[in-house]
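Undergrad: Okay, handing you the structure first.
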Amino acid sequence: MVEAPLKETERIYFLKDRKEISPSGFVESKKEIPFEYTLEANIPGEELVETYVGVDFSIIYEITIIFLKGSKVIQEKENFYVAVKGQGIDPVLGKKDDPLDFTIDPSSLDGSSITSVPKFLFEGRIHSSNCCINEPFDGTITVKESELEIKSLEVQLVRVETFEGKTNATEVQNIQVADGDVIRNLDIPLYMLFPIVYSSPTKIHSLFKIEFQINVIVIFLN
């Protein structure tokens, strides 16, 4: 795990290995030299974590090819993506769906007075709050009533990173699911694909956490 500009000695490693793939001697130009690695954690107490690019830190896997030519050292680095089967599975729910019904009205707003906002009511259902990273997040939202004209309905994916005692929430992506003053009592689909690399399965580590939240955003017309 790295956090720019984290020093080499401060990085958290899950896998670190070195292997000779060709002995010293003459190597033909453009010759392909096959090699393979078993991807498994070899650092005591650690396990592989899925590739993830975040704000405060990232999980990366990098291979470095070093070519020694006399006293000259030639090297090239390349990152590669790692998916970890079974990571993030809830120990209680497993892979079971966990449907969630929700309601948005003035009383559900944080820091707002009920008398200071217009009257509105939105109801919806998330097909499962226990999500698989390789499957879409989906559900429905229904506008039951709204005194103000609606401009847009959106779904926002937020990453929540905890590292070095600090928790930081930042937007990953925002998708508009409806435009304009939508018809009342109509089930509007909510649908989002999780972006590879910029999202990952939930990971709770002793030194960091990677978690995600979904926000349903209603924008009223001024």
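Letters A, B, ... go to the chains of the structure tokens in the order shown; residues in each chain start at 1; ligands are counted from 1 in the same order.
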Do a neighbour search on A:Thr142 at 6 Å with only C-alpha atoms, toss out local chain neighbours closer than 4 positions, and write the hits as a PyMOL selection string.
TA: chain A and resi 122-124+185-187
Undergrad: Tell me, as an NGL selection string, which residues lie within 12 Å of A:Ser22, counting only C-alpha atoms; anything in the same chain fewer than 3 positions away does not count.
TA: :A and (19 or 25-28 or 31-35 or 65-68)
Undergrad: Produce a file of the selected residues containing N, CA and C atoms, as a PDB file, in the first residue's frame.
TA:
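Result went into selection-v2.pdb, see below:
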ATOM      1  N   LYS A  19      12.867 -12.920  -8.250  1.00  0.00           N
ATOM      2  CA  LYS A  19      13.132 -14.181  -8.932  1.00  0.00           C
ATOM      3  C   LYS A  19      14.004 -13.930 -10.162  1.00  0.00           C
ATOM      4  N   GLY A  25      24.597 -14.564 -19.308  1.00  0.00           N
ATOM      5  CA  GLY A  25      25.025 -15.080 -20.597  1.00  0.00           C
ATOM      6  C   GLY A  25      24.406 -14.299 -21.737  1.00  0.00           C
ATOM      7  N   PHE A  26      24.541 -14.806 -22.935  1.00  0.00           N
ATOM      8  CA  PHE A  26      24.036 -14.131 -24.123  1.00  0.00           C
ATOM      9  C   PHE A  26      22.523 -14.303 -24.231  1.00  0.00           C
ATOM     10  N   VAL A  27      21.820 -13.202 -24.484  1.00  0.00           N
ATOM     11  CA  VAL A  27      20.372 -13.223 -24.675  1.00  0.00           C
ATOM     12  C   VAL A  27      20.067 -12.696 -26.068  1.00  0.00           C
ATOM     13  N   GLU A  28      19.351 -13.493 -26.852  1.00  0.00           N
ATOM     14  CA  GLU A  28      19.015 -13.089 -28.212  1.00  0.00           C
ATOM     15  C   GLU A  28      18.085 -11.875 -28.198  1.00  0.00           C
ATOM     16  N   LYS A  31      13.953 -11.906 -27.968  1.00  0.00           N
ATOM     17  CA  LYS A  31      13.556 -13.232 -27.487  1.00  0.00           C
ATOM     18  C   LYS A  31      12.603 -13.098 -26.306  1.00  0.00           C
ATOM     19  N   GLU A  32      11.498 -13.817 -26.321  1.00  0.00           N
ATOM     20  CA  GLU A  32      10.549 -13.800 -25.220  1.00  0.00           C
ATOM     21  C   GLU A  32      11.000 -14.788 -24.144  1.00  0.00           C
ATOM     22  N   ILE A  33      11.066 -14.311 -22.915  1.00  0.00           N
ATOM     23  CA  ILE A  33      11.478 -15.150 -21.794  1.00  0.00           C
ATOM     24  C   ILE A  33      10.266 -15.344 -20.878  1.00  0.00           C
ATOM     25  N   PRO A  34       9.665 -16.512 -20.863  1.00  0.00           N
ATOM     26  CA  PRO A  34       8.456 -16.723 -20.048  1.00  0.00           C
ATOM     27  C   PRO A  34       8.789 -16.760 -18.552  1.00  0.00           C
ATOM     28  N   PHE A  35       7.854 -16.280 -17.743  1.00  0.00           N
ATOM     29  CA  PHE A  35       7.983 -16.365 -16.291  1.00  0.00           C
ATOM     30  C   PHE A  35       6.589 -16.351 -15.685  1.00  0.00           C
ATOM     31  N   ILE A  65      11.211  -5.302 -13.940  1.00  0.00           N
ATOM     32  CA  ILE A  65      12.146  -6.133 -14.698  1.00  0.00           C
ATOM     33  C   ILE A  65      13.502  -5.442 -14.690  1.00  0.00           C
ATOM     34  N   ILE A  66      14.531  -6.152 -14.217  1.00  0.00           N
ATOM     35  CA  ILE A  66      15.877  -5.597 -14.141  1.00  0.00           C
ATOM     36  C   ILE A  66      16.797  -6.382 -15.079  1.00  0.00           C
ATOM     37  N   PHE A  67      17.442  -5.667 -15.972  1.00  0.00           N
ATOM     38  CA  PHE A  67      18.358  -6.281 -16.943  1.00  0.00           C
ATOM     39  C   PHE A  67      19.773  -5.759 -16.674  1.00  0.00           C
ATOM     40  N   LEU A  68      20.642  -6.682 -16.312  1.00  0.00           N
ATOM     41  CA  LEU A  68      22.029  -6.320 -16.019  1.00  0.00           C
ATOM     42  C   LEU A  68      22.891  -6.572 -17.252  1.00  0.00           C
TER      43      LEU A  68
END
Undergrad: Can you work out which one of A:Tyr52, A:Tyr81, A:Phe102, A:Phe137 has the shortest atom-to-atom distance to A:Ile210, counting only C-alpha atoms?
TA: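 Using only C-alpha atoms, the shortest distance to A:Ile210 belongs to A:Tyr52.
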Undergrad: Would you list the contacts of A:Asn130 as a VMD selection string, taking every protein, DNA or RNA residue within 8 Å and counting only C-alpha atoms, but skipping same-chain residues closer than 2 positions in sequence?
TA: chain A and resid 90 93 95 to 98 128 132
Undergrad: Find the spatial neighbours of stretch 55-59 of chain A, counting only C-alpha atoms, within a cut-off of 12 Å - ignore same-chain residues fewer than 4 positions away - and output them as number ranges by chain.
TA: A: 1-6, 11-15, 48-51, 79-83, 158-172, 197-200, 203, 207-210
Undergrad: Could you jot down the atom CA of A:Leu100 to atom CA of A:Leu153 separation for me, Å, one decimal place?
TA: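 Here the two named atoms are 18.7 Å from each other.
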